[in-house]
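One structure below.
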Amino acid sequence: MASRTRRHGAARSARGGFRRRLPLRLLLPLLVLVALAAMLMLRGYVHSEILADHRVQPPAATDKVPEKILEGGPVIDVRGGRTEGLSVPDHRLVLTFDDGPDPTWTPRVLDVLKKHDAHAVFFVTGTMASRYPDLVKRMVDEGHEVGLHTFNHPDLSFQSTKRIDWELSQNQLAITGAAGVRTSLFRPPYSSFADAMDNKSWPVTEYIGSRGYITVVNNTDSEDWKKPGVREIIRRATPHGGKGAIVLMHDSGGDRHQTVRALDEFLPGLKEKGYEFDNLTEALDAPSAMTPVTGAELWKGKAWVFLVQASEKITDVLVVGLAVIGTLVIGRFGLMLLLSGVHARRVRRKRFSWGRTVTEPVTVLVPAYNEAKCIENTVRSLVASDHPVEVIVIDDGSTDGTARIVEGLGLPGVRVIRQLNAGKPAALNRGLANARHDIIVMMDGDTVFEPSTVRELVQPFGDPRVGAVAGNAKVGNKDSLIGAWQHIEYVMGFNLDRRMYDVLGCMPTIPGAVGAFRRSALEPIGGMSDDTLAEDTDVTMALHRAGWRVVYAENARAWTEAPETVQQLWSQRYRWSYGTMQAIWKHRRAVIEKGHSGRFGRVGLPFVSLFMVLAPLLAPLIDVFLLYGIVFGPTEKTVVAWLGVLAIQAVCAAYAFRLDRERMTHLISLPLQQILYRQLMYVVLLQSWITALTGGRLRWQKLRRTGVVEAPGGSVPRQRSRSSDDRRPVA
């Protein structure tokens with residue numbers, strides 16, 4: 001009963017631990033992703049990529065429009081039951097500019113107006129006012145009036161009253177946030193003269209009036225958007241017979257250099273003829289159309305502008321990040337293809353030799369903690385080696401009888417050392433102290449070697465400069481989807497990388513599954529350190545700094561049991577990524593040191609930081625912009641760009657599989673791996689960053705083993721049939 005109570009308590013503790021980890025593991029990354037998605041959505045909205053409607057109503061009948069409107073002036077006032085069309089007095093011109101503010105042309109227009117002491121009315125869209133609030137504030141500060149031109153510039157005759165209210169309120173919100181004012185002036189998109197009002201646009205005008213706005217059209221159109229030339233713009237903008245007019249121009253929507261030049265000639269020319277250039281209410285001798293806003297509405301507008309500005313800046317950062325990751329991805333793939341080819345040609349030459357043939361016995365260290373399901377396969381594969389070996393299994397406080405299983409095998413040359421649970425580095429150091437030979441091979445307790453693995457692994461020690469050798473770790477349980485994804489990663493990411501780093505002389509990691517070391521290289525650096533969670537990366541970097549060469553032996557194949565659930569994969573990669581960051585930080589001084597250490601610090605550490613930390617963290621931007629582009633952007637170009645990146649990855653993967661003599665059929669799942677697997681690695685890396693930045697510590701985590709990878713009967717290991725108890729479906 002007590003035992004059962006303890007088990008239930010342990011289960012509750014485990015569940016409670018999971019709940020405590022949940023906010024850090026899932027909640028924070030989820031909040032980051034939601035925030036980024038919200039910023040992208042907001043950017044898409046203010047760039048008229050979301051909810052935009054570009055339909056334009058064709059001309060309709062005019063029989064329902066009052067005659068006094070059709071024959072009246074360009075200022076249409078239907079507020080409070082009125083139906084008036086007002087005109088500007090003679091020798092007064094109201095210059096109006098639509099579709100701005102534009103960061104390039106609006107400042108030039110404002111400069112010309114200031115130069116000639118003229119006022120105007122700027123009918124701004126909410127999208128542009130939200131993005132360039134400083135220009136709206138400058139308009140108001142310099143005495144100009146601003147008016148609404150809707151938020152997204154739709155033809156309102158197509159829209160419901162709810163959408164019209166939304167366009168007006170959002171446009172007003174942007175102006176309030178930018179300049180702290182409200183305006184009662186409105187100009188409909190795609191509007192023209194008063195006599196162009198028809199049965200489709202008139203009901204909209206009436207509704208706009210019921211909301212308290214004056215509709216302003218025009219009676220002189222410069223048609224500057226056609227860019228007909230400076231002279232033609234001036235001719236079309238000039239009223240006849242000294243009459244007053246509302247002149248339509250544009251300060252946005254394209255190249256407006258002709259508008260700016262025409263304005264610089266138009267203003268002094270007509271001033272000489274007695275014209276005044278006023279804003280609308282000045283010309284009509286009416287109260288200002290703009291009123292100050294205070295209180296909650298003002299702060300609401302400022303908050304809106306702040307969020308839009310934040311979305312713009314965040315998107316700019318994301319675009320830079322996308323450019324960085326694109327450069328890193330293409331650069332890394334280019335280097336891998338080039339340098340892995342160099343490596344393969346070098347080591348596969350008929351006369352290639354590391355030096356003398358290494359025939360002396362070696363010691364194989366197998367640290368084991370609760371490896372009862374795997375340890376027999378592991379040890380038997382070592383005994384079957386075609387190179388003389390001493391096998392030392394260091395039982396690190398196992399509670400499942402791992403040590404008894406090894407002892408019960410009664411295999412020659414196999415020793416078992418027991419110790420209290422102290423972690424993998426301590427177990428390896430204990431084995432190192434008890435090893436009889438000068439060359440030390442290290443492997444994991446869930447890994448099996450081929451008969452030739454040890455022999456192939458130790459041959460590079462024929463070169464006295466070599467201090468450590470990385471073997472070719474392969475996934476033995478690759479028949480599940482998550483196993484196939486890791487198989488691609490091992491062949492393409494790890495082994496292709498190792499070829500590249502070998503040529504560059506800065507290999508960052510000897511894999512824990514299959515690696516070999518000189519005792520004379522390990523002992524001066526203190527053996528395996530427990531300063532980081534990636535002791536294999538830590539010791540490899542230490543060897544580089546001590547002046548030893550670290551090389552890759554492609555034929556030293558080891559078959560390891562990869563995690564079979566998302567939870568297990570998460571635990572493993574979290575430890576790897578966090579441990580790598582710890583190792584980089586531990587050896588950071590190598591960047592400023594001299595000699596071998598300095599070379600590794602200035603070549604190896606930047607490569608590791610860029611390709612193993614920064615690039616995986618930024619990689620999801622490719623998928624973020626893929627989704628954004630498909631939904632809101634140029635879909636075809638987006639898909640083509642993403643397929644181009646995928647094609648580059650596929651070429652690299654196929655080349656890596658060819659070098660490793662692997663079947664290409666596993667690459668069928670590559671597209672899905674790039675979409676789903678990368679997101680998981682992103683969240684893992686993000687959590688590692690959070691742990692590193694907050695100063696948290698991560699304990700060693702034991703993966704759940706199934707023992708499905710057996711000792712090989714040939715060049716490739718066989719796999720046992722699985723039981724439903726041992727293997728869970730992929731989560």
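By order of appearance in the structure tokens: chains A, B, ..., then residues from 1 within every chain, and ligands from 1 in the order shown.
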
Skipping near chain neighbours, those fewer than 6 positions away, what residues fall within 8 Å of A:Pro620 using only C-alpha atoms, listed as a list of chain:residue names?
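Residues near the query, excluding close chain neighbours: A:Arg678, A:Gln679, A:Tyr682.
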
A:Thr315 surroundings by only C-alpha atoms, 9 Å radius, close-in-sequence under 3 positions cut, as a PyMOL selection string
chain A and resi 36+39-40+43+310-312+318-320

Using DSSP on the backbone coordinates, identify all residues within stretch 70-157 of chain A classified as strand (DSSP E); present the result as a ChimeraX atom specification.
/A:75-77,84-86,92-98,120-124,145-148

Non-local contacts of stretch 69-75 of chain A (10 Å; only C-alpha atoms; under 2 positions in same chain excluded) as a ChimeraX atom specification
/A:62,65-67,77-78,83-88,185-187,192-198,202,214-220,245-246,280,284

Within 6 Å of stretch 553-560 of chain A using only C-alpha atoms, minus same-chain residues under 6 positions, as an mmCIF file with all heavy atoms, in the first residue's frame:
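For reference, selection-v7.cif as written:
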```cif
data_model
loop_
_atom_site.group_PDB
_atom_site.id
_atom_site.type_symbol
_atom_site.label_atom_id
_atom_site.label_comp_id
_atom_site.auth_asym_id
_atom_site.auth_seq_id
_atom_site.Cartn_x
_atom_site.Cartn_y
_atom_site.Cartn_z
ATOM 1 N N THR A 447 23.536 2.557 -28.207
ATOM 2 C CA THR A 447 24.124 2.565 -29.543
ATOM 3 C C THR A 447 24.773 1.215 -29.834
ATOM 4 O O THR A 447 25.292 0.558 -28.929
ATOM 5 C CB THR A 447 25.183 3.686 -29.639
ATOM 6 O OG1 THR A 447 24.547 4.938 -29.339
ATOM 7 C CG2 THR A 447 25.801 3.752 -31.022
ATOM 8 N N VAL A 448 24.751 0.805 -31.099
ATOM 9 C CA VAL A 448 25.463 -0.409 -31.508
ATOM 10 C C VAL A 448 26.460 -0.058 -32.600
ATOM 11 O O VAL A 448 26.216 0.828 -33.418
ATOM 12 C CB VAL A 448 24.490 -1.506 -32.002
ATOM 13 C CG1 VAL A 448 23.587 -1.969 -30.876
ATOM 14 C CG2 VAL A 448 23.657 -1.031 -33.179
ATOM 15 N N PHE A 449 27.603 -0.765 -32.571
ATOM 16 C CA PHE A 449 28.653 -0.578 -33.570
ATOM 17 C C PHE A 449 28.605 -1.703 -34.583
ATOM 18 O O PHE A 449 28.224 -2.834 -34.264
ATOM 19 C CB PHE A 449 30.034 -0.583 -32.901
ATOM 20 C CG PHE A 449 30.419 0.711 -32.244
ATOM 21 C CD1 PHE A 449 29.522 1.760 -32.146
ATOM 22 C CD2 PHE A 449 31.703 0.878 -31.723
ATOM 23 C CE1 PHE A 449 29.887 2.952 -31.540
ATOM 24 C CE2 PHE A 449 32.080 2.058 -31.114
ATOM 25 C CZ PHE A 449 31.163 3.096 -31.024
ATOM 26 N N THR A 453 33.507 -0.667 -37.052
ATOM 27 C CA THR A 453 33.405 0.716 -36.564
ATOM 28 C C THR A 453 34.635 1.142 -35.773
ATOM 29 O O THR A 453 35.218 2.202 -36.033
ATOM 30 C CB THR A 453 32.140 0.877 -35.697
ATOM 31 O OG1 THR A 453 30.985 0.588 -36.485
ATOM 32 C CG2 THR A 453 32.034 2.293 -35.154
ATOM 33 N N GLU A 456 37.748 1.542 -38.019
ATOM 34 C CA GLU A 456 37.677 2.746 -38.844
ATOM 35 C C GLU A 456 37.821 4.010 -37.994
ATOM 36 O O GLU A 456 38.420 4.992 -38.422
ATOM 37 C CB GLU A 456 36.346 2.785 -39.605
ATOM 38 C CG GLU A 456 36.173 1.692 -40.646
ATOM 39 C CD GLU A 456 36.990 1.963 -41.904
ATOM 40 O OE1 GLU A 456 37.584 3.059 -42.007
ATOM 41 O OE2 GLU A 456 37.037 1.085 -42.789
ATOM 42 N N LEU A 457 37.297 3.951 -36.795
ATOM 43 C CA LEU A 457 37.285 5.133 -35.941
ATOM 44 C C LEU A 457 38.676 5.520 -35.460
ATOM 45 O O LEU A 457 38.978 6.713 -35.306
ATOM 46 C CB LEU A 457 36.361 4.888 -34.745
ATOM 47 C CG LEU A 457 36.077 6.061 -33.803
ATOM 48 C CD1 LEU A 457 35.357 7.185 -34.538
ATOM 49 C CD2 LEU A 457 35.238 5.593 -32.613
ATOM 50 N N GLY A 471 32.837 9.915 -35.233
ATOM 51 C CA GLY A 471 32.319 8.864 -36.088
ATOM 52 C C GLY A 471 31.036 9.288 -36.778
ATOM 53 O O GLY A 471 30.550 10.413 -36.627
ATOM 54 N N ASN A 472 30.482 8.358 -37.534
ATOM 55 C CA ASN A 472 29.293 8.607 -38.341
ATOM 56 C C ASN A 472 28.076 8.028 -37.604
ATOM 57 O O ASN A 472 27.767 6.849 -37.719
ATOM 58 C CB ASN A 472 29.466 7.954 -39.712
ATOM 59 C CG ASN A 472 28.342 8.302 -40.661
ATOM 60 O OD1 ASN A 472 27.292 8.786 -40.267
ATOM 61 N ND2 ASN A 472 28.565 8.036 -41.950
ATOM 62 N N ALA A 473 27.408 8.880 -36.830
ATOM 63 C CA ALA A 473 26.239 8.437 -36.068
ATOM 64 C C ALA A 473 25.019 8.377 -36.975
ATOM 65 O O ALA A 473 24.737 9.325 -37.709
ATOM 66 C CB ALA A 473 25.984 9.382 -34.901
ATOM 67 N N LYS A 474 24.290 7.265 -36.908
ATOM 68 C CA LYS A 474 23.116 7.073 -37.743
ATOM 69 C C LYS A 474 21.922 6.672 -36.880
ATOM 70 O O LYS A 474 22.092 6.094 -35.812
ATOM 71 C CB LYS A 474 23.375 6.002 -38.800
ATOM 72 C CG LYS A 474 24.372 6.439 -39.872
ATOM 73 C CD LYS A 474 24.529 5.363 -40.924
ATOM 74 C CE LYS A 474 25.324 5.892 -42.109
ATOM 75 N NZ LYS A 474 24.620 6.972 -42.819
ATOM 76 N N VAL A 475 20.746 6.982 -37.388
ATOM 77 C CA VAL A 475 19.513 6.635 -36.680
ATOM 78 C C VAL A 475 19.149 5.192 -36.999
ATOM 79 O O VAL A 475 18.963 4.830 -38.165
ATOM 80 C CB VAL A 475 18.367 7.583 -37.079
ATOM 81 C CG1 VAL A 475 17.050 7.132 -36.441
ATOM 82 C CG2 VAL A 475 18.700 9.017 -36.677
ATOM 83 N N GLY A 476 19.051 4.362 -35.974
ATOM 84 C CA GLY A 476 18.715 2.965 -36.187
ATOM 85 C C GLY A 476 17.224 2.715 -36.274
ATOM 86 O O GLY A 476 16.778 1.780 -36.937
#
```

Rounded to one decimal place, report the atom CA of A:Ala484-atom CA of A:Arg332 distance in Å.
22.5 Å

Would you give me, as an MDAnalysis selection string, the residues in stretch 297-399 of chain A that DSSP reads as helix (DSSP H, G or I)?
chainID A and resid 297:347 375:383
